[in-house]
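Pasted below: model-v4.tsv, TSV, C-alpha atoms and all ligand atoms.
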```tsv
chain	number	residue	atom	x	y	z
D	1	MET	CA	113.51	71.47	75.31
D	2	GLU	CA	113.27	74.98	76.75
D	3	LYS	CA	111.05	77.53	75.07
D	4	MET	CA	112.71	79.70	72.41
D	5	TYR	CA	111.18	83.19	72.18
D	6	ASP	CA	111.39	85.21	68.99
D	7	VAL	CA	112.23	88.33	70.98
D	8	ILE	CA	113.37	88.89	74.54
D	9	ILE	CA	113.11	92.50	75.64
D	10	ILE	CA	115.07	93.46	78.75
D	11	GLY	CA	113.49	96.41	80.57
D	12	ALA	CA	109.87	97.57	80.67
D	13	GLY	CA	110.24	101.33	80.39
D	14	PRO	CA	108.67	103.20	77.46
D	15	ALA	CA	111.26	101.77	75.02
D	16	GLY	CA	110.73	98.16	76.15
D	17	LEU	CA	106.95	98.54	76.28
D	18	SER	CA	106.84	100.05	72.81
D	19	ALA	CA	109.09	97.25	71.49
D	20	ALA	CA	106.76	94.74	73.17
D	21	LEU	CA	103.70	96.31	71.56
D	22	TYR	CA	105.25	96.26	68.08
D	23	ALA	CA	106.69	92.75	68.47
D	24	GLY	CA	103.41	91.39	69.83
D	25	ARG	CA	101.47	93.04	67.05
D	26	ALA	CA	103.87	91.47	64.51
D	27	LYS	CA	102.87	88.10	66.03
D	28	LEU	CA	106.35	87.48	67.37
D	29	ASP	CA	106.55	85.27	70.44
D	30	THR	CA	107.68	87.99	72.83
D	31	LEU	CA	109.00	88.01	76.39
D	32	LEU	CA	109.35	91.28	78.29
D	33	LEU	CA	111.62	91.00	81.33
D	34	GLU	CA	111.47	93.60	84.08
D	35	ARG	CA	113.50	93.72	87.30
D	36	SER	CA	111.11	95.60	89.55
D	37	LYS	CA	108.33	97.83	88.32
D	38	ALA	CA	107.22	98.59	84.76
D	39	GLY	CA	107.65	102.13	83.50
D	40	GLY	CA	111.27	102.96	84.18
D	41	GLN	CA	111.79	106.64	84.92
D	42	ILE	CA	108.27	107.71	83.96
D	43	ALA	CA	106.85	105.43	86.65
D	44	THR	CA	108.13	108.12	89.02
D	45	THR	CA	107.45	111.17	86.85
D	46	HIS	CA	104.58	113.26	88.06
D	47	ASP	CA	103.43	114.77	84.81
D	48	VAL	CA	104.32	113.72	81.26
D	49	GLU	CA	103.01	116.68	79.30
D	50	ASN	CA	105.26	116.39	76.26
D	51	TYR	CA	104.23	112.99	74.92
D	52	PRO	CA	102.03	113.71	71.90
D	53	GLY	CA	98.40	112.99	72.64
D	54	ALA	CA	98.94	112.89	76.40
D	55	ILE	CA	96.87	115.94	77.32
D	56	GLU	CA	94.64	114.40	79.95
D	57	ASP	CA	95.41	111.97	82.71
D	58	THR	CA	99.13	112.39	82.02
D	59	THR	CA	100.75	111.11	85.20
D	60	GLY	CA	103.67	108.79	84.47
D	61	PRO	CA	102.19	105.77	86.29
D	62	ARG	CA	98.88	106.04	84.37
D	63	LEU	CA	100.66	106.30	81.03
D	64	VAL	CA	102.73	103.24	81.96
D	65	ALA	CA	99.66	101.27	83.03
D	66	ARG	CA	98.09	101.92	79.61
D	67	MET	CA	101.31	100.89	77.81
D	68	VAL	CA	101.46	97.64	79.81
D	69	GLU	CA	97.81	96.88	79.06
D	70	GLN	CA	98.36	97.51	75.35
D	71	ALA	CA	101.39	95.16	75.20
D	72	LYS	CA	99.43	92.46	77.05
D	73	GLN	CA	96.57	92.77	74.56
D	74	PHE	CA	99.00	91.60	71.87
D	75	GLY	CA	99.99	88.48	73.78
D	76	VAL	CA	103.34	89.60	75.24
D	77	ASP	CA	104.57	87.60	78.26
D	78	ILE	CA	105.65	90.00	81.00
D	79	VAL	CA	107.89	88.34	83.58
D	80	TYR	CA	109.43	90.00	86.65
D	81	ASP	CA	112.98	88.72	86.94
D	82	ASP	CA	116.34	90.40	87.48
D	83	VAL	CA	118.76	89.57	84.67
D	84	LYS	CA	122.21	88.72	86.02
D	85	GLN	CA	123.99	87.28	82.99
D	86	VAL	CA	123.64	87.25	79.20
D	87	GLN	CA	125.06	85.19	76.34
D	88	LEU	CA	124.21	87.08	73.18
D	89	GLU	CA	126.25	85.51	70.37
D	90	GLY	CA	124.74	83.02	67.91
D	91	ASP	CA	121.17	81.94	67.21
D	92	ASP	CA	120.30	80.89	70.78
D	93	LYS	CA	120.67	83.95	72.97
D	94	VAL	CA	120.56	83.00	76.64
D	95	ILE	CA	119.34	85.40	79.30
D	96	THR	CA	119.88	84.22	82.86
D	97	GLY	CA	117.70	85.78	85.52
D	98	HIS	CA	117.60	85.22	89.26
D	99	LYS	CA	114.51	83.04	88.86
D	100	GLN	CA	115.01	81.34	85.49
D	101	THR	CA	116.92	81.12	82.21
D	102	TYR	CA	115.31	82.36	78.98
D	103	HIS	CA	116.18	81.68	75.34
D	104	GLY	CA	115.56	84.01	72.41
D	105	LYS	CA	116.36	84.37	68.73
D	106	THR	CA	116.78	88.12	69.22
D	107	VAL	CA	117.25	90.45	72.19
D	108	ILE	CA	116.26	94.08	72.65
D	109	ILE	CA	118.17	95.88	75.41
D	110	ALA	CA	115.93	98.56	76.91
D	111	THR	CA	117.42	98.76	80.39
D	112	GLY	CA	117.44	102.56	80.54
D	113	ALA	CA	119.40	104.60	83.02
D	114	GLU	CA	119.46	105.17	86.78
D	115	PRO	CA	119.88	108.39	88.79
D	116	ARG	CA	123.43	109.65	89.09
D	117	LYS	CA	124.74	110.11	92.64
D	118	LEU	CA	126.75	113.09	93.87
D	119	GLY	CA	129.30	110.92	95.64
D	120	VAL	CA	129.67	113.31	98.61
D	121	PRO	CA	130.06	112.32	102.28
D	122	GLY	CA	126.74	111.55	103.95
D	123	GLU	CA	124.79	111.06	100.73
D	124	SER	CA	124.45	107.27	100.82
D	125	GLU	CA	124.08	107.10	104.63
D	126	LEU	CA	121.18	109.57	104.55
D	127	THR	CA	119.42	108.22	101.46
D	128	GLY	CA	115.82	107.59	102.47
D	129	LYS	CA	116.43	109.75	105.57
D	130	GLY	CA	116.07	113.09	103.85
D	131	VAL	CA	118.11	112.43	100.72
D	132	SER	CA	116.01	111.28	97.77
D	133	TYR	CA	116.36	110.74	94.02
D	134	CYS	CA	112.63	110.75	93.24
D	135	ALA	CA	110.38	113.75	93.75
D	136	THR	CA	107.18	111.93	92.84
D	137	CYS	CA	107.96	109.17	95.32
D	138	ASP	CA	109.09	111.34	98.24
D	139	GLY	CA	108.04	114.96	97.60
D	140	ALA	CA	104.97	114.77	99.82
D	141	PHE	CA	107.08	113.68	102.83
D	142	PHE	CA	108.48	117.21	102.95
D	143	GLU	CA	105.18	119.01	103.44
D	144	GLY	CA	105.91	122.38	105.08
D	145	LEU	CA	109.69	121.88	105.15
D	146	PRO	CA	112.50	123.51	103.17
D	147	VAL	CA	113.85	121.38	100.32
D	148	TYR	CA	117.15	121.63	98.42
D	149	VAL	CA	117.03	120.30	94.87
D	150	ILE	CA	120.46	119.63	93.41
D	151	GLY	CA	120.84	120.02	89.62
D	152	GLY	CA	119.92	122.46	86.88
D	153	GLY	CA	118.46	120.26	84.15
D	154	ASP	CA	114.84	119.61	83.14
D	155	THR	CA	114.41	117.02	85.90
D	156	ALA	CA	115.72	119.21	88.72
D	157	VAL	CA	113.69	122.26	87.76
D	158	GLU	CA	110.49	120.42	86.83
D	159	GLU	CA	110.55	118.24	89.91
D	160	GLY	CA	111.54	121.25	92.01
D	161	LEU	CA	108.30	122.91	90.87
D	162	PHE	CA	106.40	119.76	91.80
D	163	ILE	CA	107.99	119.66	95.28
D	164	ALA	CA	107.10	123.35	95.74
D	165	LYS	CA	103.46	122.21	96.00
D	166	PHE	CA	104.33	120.60	99.33
D	167	ALA	CA	107.47	122.26	100.61
D	168	ARG	CA	107.69	125.56	102.47
D	169	LYS	CA	110.46	126.65	100.14
D	170	VAL	CA	112.47	124.99	97.35
D	171	TYR	CA	116.09	125.94	96.73
D	172	ILE	CA	117.49	124.75	93.42
D	173	VAL	CA	121.24	124.35	93.87
D	174	HIS	CA	123.03	124.64	90.55
D	175	ARG	CA	126.75	124.50	89.89
D	176	ARG	CA	126.72	127.17	87.18
D	177	ASP	CA	125.10	130.58	86.64
D	178	GLU	CA	122.72	129.35	83.94
D	179	LEU	CA	120.21	126.51	84.05
D	180	ARG	CA	120.36	123.64	81.59
D	181	ALA	CA	116.58	123.15	81.75
D	182	ALA	CA	114.36	124.13	78.80
D	183	LYS	CA	113.46	127.83	78.77
D	184	SER	CA	109.74	127.14	79.26
D	185	ILE	CA	110.50	125.17	82.44
D	186	GLN	CA	112.93	127.84	83.66
D	187	GLU	CA	110.25	130.51	83.27
D	188	LYS	CA	107.88	128.60	85.53
D	189	ALA	CA	110.61	128.33	88.18
D	190	PHE	CA	111.48	132.06	87.99
D	191	ALA	CA	107.79	132.92	88.34
D	192	ASN	CA	107.24	130.71	91.40
D	193	ASP	CA	107.65	132.59	94.72
D	194	LYS	CA	108.42	129.39	96.55
D	195	VAL	CA	111.38	128.58	94.30
D	196	GLU	CA	114.78	130.21	94.71
D	197	ILE	CA	117.90	129.36	92.74
D	198	LEU	CA	121.27	129.16	94.47
D	199	TRP	CA	123.75	129.79	91.65
D	200	ASN	CA	127.31	128.47	91.40
D	201	LYS	CA	126.98	126.02	94.27
D	202	VAL	CA	127.85	122.37	94.70
D	203	VAL	CA	127.23	120.06	97.63
D	204	LYS	CA	130.28	119.37	99.79
D	205	GLU	CA	128.77	117.32	102.59
D	206	ILE	CA	125.51	116.16	104.13
D	207	THR	CA	125.24	115.24	107.79
D	208	GLY	CA	122.57	114.26	110.27
D	209	ASP	CA	121.89	111.88	113.09
D	210	GLY	CA	119.27	109.56	111.56
D	211	LEU	CA	117.77	112.36	109.43
D	212	VAL	CA	119.31	115.11	107.29
D	213	GLU	CA	120.19	118.04	109.59
D	214	ARG	CA	123.04	119.84	107.84
D	215	LEU	CA	124.10	120.59	104.29
D	216	VAL	CA	127.36	122.23	103.31
D	217	LEU	CA	127.48	124.02	99.96
D	218	LEU	CA	130.62	125.19	98.22
D	219	ASP	CA	130.59	128.24	95.95
D	220	THR	CA	132.24	127.27	92.64
D	221	VAL	CA	133.39	130.86	92.01
D	222	THR	CA	134.49	132.14	95.43
D	223	SER	CA	135.21	128.76	97.12
D	224	GLU	CA	133.17	130.06	100.05
D	225	GLU	CA	131.33	127.46	102.12
D	226	THR	CA	127.74	127.87	103.30
D	227	GLU	CA	126.42	125.73	106.11
D	228	ILE	CA	122.68	125.09	106.10
D	229	LEU	CA	121.22	123.79	109.34
D	230	ALA	CA	117.72	122.43	109.95
D	231	ASP	CA	115.41	124.80	111.81
D	232	GLU	CA	115.04	123.72	115.41
D	233	ASP	CA	111.25	123.43	114.95
D	234	ASP	CA	111.57	121.39	111.74
D	235	GLY	CA	114.40	119.13	112.86
D	236	THR	CA	115.19	118.24	109.26
D	237	PHE	CA	114.84	119.28	105.60
D	238	GLY	CA	114.86	117.54	102.24
D	239	ILE	CA	117.60	117.07	99.65
D	240	PHE	CA	116.64	115.84	96.18
D	241	VAL	CA	119.58	114.85	94.02
D	242	LEU	CA	118.43	115.22	90.39
D	243	VAL	CA	121.70	115.48	88.46
D	244	GLY	CA	121.12	113.21	85.49
D	245	TYR	CA	121.36	109.51	84.85
D	246	LEU	CA	123.81	106.67	84.25
D	247	PRO	CA	123.09	103.87	81.77
D	248	GLU	CA	122.19	100.44	83.15
D	249	THR	CA	124.71	98.44	81.15
D	250	ASP	CA	126.81	96.64	83.77
D	251	ILE	CA	125.60	93.16	82.75
D	252	PHE	CA	126.62	93.83	79.14
D	253	LYS	CA	130.20	94.97	79.94
D	254	GLY	CA	132.73	93.25	77.67
D	255	ILE	CA	129.89	91.80	75.58
D	256	ILE	CA	128.20	94.77	73.94
D	257	THR	CA	130.16	97.76	72.70
D	258	THR	CA	129.49	100.90	74.76
D	259	ASP	CA	130.85	104.43	74.70
D	260	ARG	CA	133.04	105.80	77.50
D	261	SER	CA	129.98	106.65	79.61
D	262	GLY	CA	128.50	103.16	79.20
D	263	TYR	CA	125.78	104.06	76.66
D	264	ILE	CA	125.27	101.63	73.74
D	265	PRO	CA	125.88	102.95	70.23
D	266	THR	CA	123.49	101.68	67.54
D	267	ASN	CA	122.76	102.47	63.92
D	268	ASP	CA	119.38	103.83	62.75
D	269	ASN	CA	117.98	100.28	62.90
D	270	MET	CA	118.86	100.07	66.63
D	271	GLU	CA	121.39	97.32	65.85
D	272	THR	CA	124.28	96.87	68.28
D	273	ASN	CA	127.63	95.26	67.47
D	274	ILE	CA	126.10	91.77	67.87
D	275	PRO	CA	123.76	90.44	65.15
D	276	GLY	CA	120.22	89.97	66.42
D	277	VAL	CA	120.80	92.23	69.44
D	278	PHE	CA	119.20	95.66	69.44
D	279	ALA	CA	119.19	98.55	71.93
D	280	ALA	CA	116.37	101.04	72.48
D	281	GLY	CA	115.65	104.03	74.70
D	282	ASP	CA	117.81	105.90	77.20
D	283	VAL	CA	120.46	103.16	77.23
D	284	ARG	CA	121.48	104.19	73.68
D	285	VAL	CA	123.92	106.87	72.62
D	286	LYS	CA	121.48	109.58	71.46
D	287	PRO	CA	120.93	113.33	71.56
D	288	LEU	CA	117.50	113.38	73.21
D	289	ARG	CA	116.27	111.06	75.97
D	290	GLN	CA	112.52	111.44	76.15
D	291	VAL	CA	109.49	109.14	76.28
D	292	VAL	CA	108.77	109.97	72.67
D	293	THR	CA	112.29	109.05	71.50
D	294	ALA	CA	112.29	105.89	73.65
D	295	THR	CA	109.02	104.65	72.14
D	296	ASN	CA	110.37	105.48	68.69
D	297	ASP	CA	113.47	103.33	69.34
D	298	GLY	CA	111.39	100.45	70.70
D	299	ALA	CA	109.17	100.35	67.62
D	300	ILE	CA	112.15	100.34	65.25
D	301	ALA	CA	114.01	97.68	67.27
D	302	ALA	CA	110.98	95.35	67.24
D	303	ILE	CA	110.40	95.69	63.51
D	304	GLN	CA	114.12	95.14	62.82
D	305	ALA	CA	114.05	92.06	65.07
D	306	GLU	CA	111.16	90.75	62.97
D	307	LYS	CA	113.21	91.33	59.78
D	308	TYR	CA	116.27	89.68	61.33
D	309	ILE	CA	114.25	86.55	62.18
D	310	ALA	CA	112.70	86.44	58.70
D	311	ASN	CA	116.16	86.52	57.10
D	312	HIS	CA	117.70	83.82	59.31
U	1	LIG	P1	120.66	116.45	82.59
U	1	LIG	O1	119.97	117.16	81.49
U	1	LIG	O2	121.89	115.65	82.30
U	1	LIG	O3	121.02	117.55	83.69
U	1	LIG	C1	121.77	117.22	84.82
U	1	LIG	C2	121.95	118.48	85.64
U	1	LIG	O4	122.67	118.13	86.82
U	1	LIG	C3	122.77	119.54	84.92
U	1	LIG	O5	122.27	120.80	85.22
U	1	LIG	C4	124.16	119.35	85.50
U	1	LIG	O6	124.89	120.54	85.56
U	1	LIG	C5	123.86	118.88	86.90
U	1	LIG	N1	124.89	118.02	87.45
U	1	LIG	C6	125.42	116.88	86.91
U	1	LIG	N2	126.30	116.32	87.76
U	1	LIG	C7	126.35	117.12	88.84
U	1	LIG	C8	127.08	117.09	90.05
U	1	LIG	N3	127.93	116.09	90.32
U	1	LIG	N4	126.87	118.07	90.94
U	1	LIG	C9	126.01	119.07	90.67
U	1	LIG	N5	125.29	119.17	89.57
U	1	LIG	C10	125.46	118.20	88.65
U	1	LIG	O7	119.71	115.44	83.38
U	1	LIG	P2	118.12	115.52	83.61
U	1	LIG	O8	117.68	116.87	84.01
U	1	LIG	O9	117.82	114.39	84.53
U	1	LIG	O10	117.52	115.16	82.21
U	1	LIG	C11	117.88	113.95	81.55
U	1	LIG	C12	117.23	113.94	80.17
U	1	LIG	O11	115.82	113.82	80.33
U	1	LIG	C13	117.46	115.23	79.40
U	1	LIG	O12	117.59	114.93	78.03
U	1	LIG	C14	116.21	116.03	79.63
U	1	LIG	O13	115.91	116.93	78.59
U	1	LIG	C15	115.17	114.92	79.73
U	1	LIG	N6	114.01	115.34	80.56
U	1	LIG	C16	113.02	116.02	79.92
U	1	LIG	C17	111.92	116.44	80.64
U	1	LIG	C18	110.85	117.19	79.91
U	1	LIG	O14	111.07	117.57	78.76
U	1	LIG	N7	109.69	117.41	80.49
U	1	LIG	C19	111.82	116.19	82.01
U	1	LIG	C20	112.87	115.53	82.63
U	1	LIG	C21	113.96	115.11	81.88
U	1	LIG	P3	125.43	121.26	84.22
U	1	LIG	O15	124.23	121.90	83.60
U	1	LIG	O16	126.44	122.21	84.73
U	1	LIG	O17	126.01	120.15	83.37
```

Step by step, read the file and then write its structure as structure tokens.
Amino acid sequence: MEKMYDVIIIGAGPAGLSAALYAGRAKLDTLLLERSKAGGQIATTHDVENYPGAIEDTTGPRLVARMVEQAKQFGVDIVYDDVKQVQLEGDDKVITGHKQTYHGKTVIIATGAEPRKLGVPGESELTGKGVSYCATCDGAFFEGLPVYVIGGGDTAVEEGLFIAKFARKVYIVHRRDELRAAKSIQEKAFANDKVEILWNKVVKEITGDGLVERLVLLDTVTSEETEILADEDDGTFGIFVLVGYLPETDIFKGIITTDRSGYIPTNDNMETNIPGVFAAGDVRVKPLRQVVTATNDGAIAAIQAEKYIANH
């Protein structure tokens, strides 16, 4: 007879880790499954300064390490396995990973979202060769070089400021004439001499022989093209694509109801369309995707899972 967990949580970002903490603390037999590295997006976020109470030692990885430790203290099993298939109907919910199959009475989907790609020529070929989706991971590689950050949201501007610590110059390439980022973040960018904003521009093409050497921008107002070439001395420059996220819901397609963009709608109790299956964090349809809202969702999902088990 295979083990039946009370709760299986898929994804160990802030939502999954918070669900794990609450489920463990409620004495539920809890399994937390993670594909690669705990933490989700904050594992690669340099500074998390807007999570209440996080005023010292606020790097994403440190915050994650503390969340993992806290979940473990309440007896949660954390297993690294990549989920490839799910069967969510009925009382025995079956989660099939690459390594093993797991059974649970309830499931909390906390798979989060992944960086959106631009989909322009050269982008995938030059990923890891000058094109990056993670400033914290790769910012330091561009010490003394020019860097182009694509996007105008909180991530692009905040991470652009972080990259400016290393780079010779940071150009934020935005497709409109107004940033989406919070005003307080915008102000920091406007005040930083190393940061310049290229308004009304989108990327048309990226080229390079082994490393990024050329970037072509298209003006969204005049349709004029600008060709940016690497300095001869530098040989290359950086491109950080920070244009939002896409939900990680492929394995739930046709099983869980999603909206047109793939995000999972829930009610206030984090319930999905399938009884005993909850969703928490960035994977949900919601107005604000932050660590604080993810941890909120995780706590609610775990407590509702506890209630669901008690009533079944
Ligand atoms: P976002 O808010 O969705 O912004 C994406 C940005 O990329 C927008 O400026 C968008 O332009 C642009 N964009 C999208 N597709 C593009 C394309 N194909 N080509 C060029 N530009 C494109 O994403 P985010 O900045 O990653 O933030 C995600 C969520 O996390 C948000 O809720 C944000 O508030 C939150 N966040 C918060 C913090 C913080 O508070 N410290 C830090 C990071 C993220 P348009 O503006 O024209 O749509």

Polymer residues at most 7 Å from segment 66-83 of chain D, all atoms listed in the file, same-chain spacing of 6 or more positions, as a ChimeraX atom specification: /D:17,20-21,24-25,30-36,95-99

Distance filter 8 Å around ligand LIG 1 (chain U), atoms: all atoms listed in the file, out as a PyMOL selection string: chain D and resi 48-50+115-119+150-158+173-176+178-182+201-203+242-245+287-290

Saved selection, atoms kept: C-alpha atoms, as a compact mmCIF listing (two decimals), in the coordinates of the input:
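result.txt, written as the output of this step:
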```txt
# COMPACT_ATOMS: atom_id res chain seq x y z
CA VAL D 48 104.32 113.72 81.26
CA GLU D 49 103.01 116.68 79.30
CA ASN D 50 105.26 116.39 76.26
CA PRO D 115 119.88 108.39 88.79
CA ARG D 116 123.43 109.65 89.09
CA LYS D 117 124.74 110.11 92.64
CA LEU D 118 126.75 113.09 93.87
CA GLY D 119 129.30 110.92 95.64
CA ILE D 150 120.46 119.63 93.41
CA GLY D 151 120.84 120.02 89.62
CA GLY D 152 119.92 122.46 86.88
CA GLY D 153 118.46 120.26 84.15
CA ASP D 154 114.84 119.61 83.14
CA THR D 155 114.41 117.02 85.90
CA ALA D 156 115.72 119.21 88.72
CA VAL D 157 113.69 122.26 87.76
CA GLU D 158 110.49 120.42 86.83
CA VAL D 173 121.24 124.35 93.87
CA HIS D 174 123.03 124.64 90.55
CA ARG D 175 126.75 124.50 89.89
CA ARG D 176 126.72 127.17 87.18
CA GLU D 178 122.72 129.35 83.94
CA LEU D 179 120.21 126.51 84.05
CA ARG D 180 120.36 123.64 81.59
CA ALA D 181 116.58 123.15 81.75
CA ALA D 182 114.36 124.13 78.80
CA LYS D 201 126.98 126.02 94.27
CA VAL D 202 127.85 122.37 94.70
CA VAL D 203 127.23 120.06 97.63
CA LEU D 242 118.43 115.22 90.39
CA VAL D 243 121.70 115.48 88.46
CA GLY D 244 121.12 113.21 85.49
CA TYR D 245 121.36 109.51 84.85
CA PRO D 287 120.93 113.33 71.56
CA LEU D 288 117.50 113.38 73.21
CA ARG D 289 116.27 111.06 75.97
CA GLN D 290 112.52 111.44 76.15
```

Point-to-point distance in Å for atom CA of Tyr51 of chain D and atom CA of Ile10 of chain D: 22.7 Å

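What separates atom CA of Pro247 of chain D from atom CA of Ile42 of chain D is a distance of 15.5 Å.
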
Minimum-distance residue to Asp250 of chain D, chosen among D:Asp91, D:Asp219, D:Asp297, D:Glu114 (using all atoms listed in the file): D:Glu114

Residue among D:Gly53, D:His46, D:Arg214, D:Glu123 lying closest to Glu232 of chain D, counting only C-alpha atoms: D:Arg214

Distance query Thr45 of chain D at most 9 Å, all atoms listed in the file, self and fewer than 6 positions along chain excluded, as a ChimeraX atom specification: /D:59-61,134-137,159

I'd like the box whose edges run along x, y and z of the file and which contains every listed atom of segment 269-280 of chain D, padded by 8 Å per side; could you state its centre and edge lengths in Å, one decimal, as AutoDock Vina command-line options?
```
--center_x 122.0 --center_y 95.5 --center_z 67.7 --size_x 27.3 --size_y 27.1 --size_z 25.6
```

Residues near Ala26 of chain D, cut-off 12 Å, all atoms listed in the file, skip fewer than 6 positions along chain, as a list of chain:residue names: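 Returned residues: D:Asp6, D:Val7, D:Ala19, D:Ala20, D:Ala71, D:Phe74, D:Gly75, D:Val76, D:Ala299, D:Ala302, D:Ile303, D:Gln304, D:Ala305, D:Glu306, D:Lys307, D:Ile309, D:Ala310.
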
Output of the above residues as a PDB file, in the coordinates of the input, restricted to C-alpha atoms:
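Result saved to part-v9.pdb:
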```pdb
ATOM      1  CA  ASP D   6     111.390  85.210  68.990  1.00  0.00           C
ATOM      2  CA  VAL D   7     112.230  88.330  70.980  1.00  0.00           C
ATOM      3  CA  ALA D  19     109.090  97.250  71.490  1.00  0.00           C
ATOM      4  CA  ALA D  20     106.760  94.740  73.170  1.00  0.00           C
ATOM      5  CA  ALA D  71     101.390  95.160  75.200  1.00  0.00           C
ATOM      6  CA  PHE D  74      99.000  91.600  71.870  1.00  0.00           C
ATOM      7  CA  GLY D  75      99.990  88.480  73.780  1.00  0.00           C
ATOM      8  CA  VAL D  76     103.340  89.600  75.240  1.00  0.00           C
ATOM      9  CA  ALA D 299     109.170 100.350  67.620  1.00  0.00           C
ATOM     10  CA  ALA D 302     110.980  95.350  67.240  1.00  0.00           C
ATOM     11  CA  ILE D 303     110.400  95.690  63.510  1.00  0.00           C
ATOM     12  CA  GLN D 304     114.120  95.140  62.820  1.00  0.00           C
ATOM     13  CA  ALA D 305     114.050  92.060  65.070  1.00  0.00           C
ATOM     14  CA  GLU D 306     111.160  90.750  62.970  1.00  0.00           C
ATOM     15  CA  LYS D 307     113.210  91.330  59.780  1.00  0.00           C
ATOM     16  CA  ILE D 309     114.250  86.550  62.180  1.00  0.00           C
ATOM     17  CA  ALA D 310     112.700  86.440  58.700  1.00  0.00           C
TER      18      ALA D 310
END
```

Atomic distance atom CA of Ile274 of chain D - atom CA of Thr111 of chain D, expressed in Å with one decimal: 16.8 Å

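Using only C-alpha atoms, the residues found no farther than 9 Å from Gly144 of chain D, other than those of its own chain fewer than 5 positions away, are Phe166, Ala167, Arg168, Lys169 and Asp234 of chain D.
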
Protein/DNA/RNA residues near (116.5, 116.8, 101.4), cut 6 Å, all atoms listed in the file, as a list in words: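 I get Gly130, Val131, Val147, Tyr148, Phe237, Gly238, Ile239 and Phe240 of chain D for the residues within 6 Å of that point.
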
Using only C-alpha atoms: which of D:Ile163, D:Ile185, D:Ala230, D:Ala110 has the shortest distance to Gly40 of chain D: D:Ala110

Distance query 12 Å from (122.1, 127.4, 111.6) using all atoms listed in the file, result as a list in words: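 The residues that fall inside the cut-off are Glu213, Arg214, Leu215, Val216, Thr226, Glu227, Ile228, Leu229, Ala230, Asp231, Glu232, Gly235 and Thr236 of chain D.
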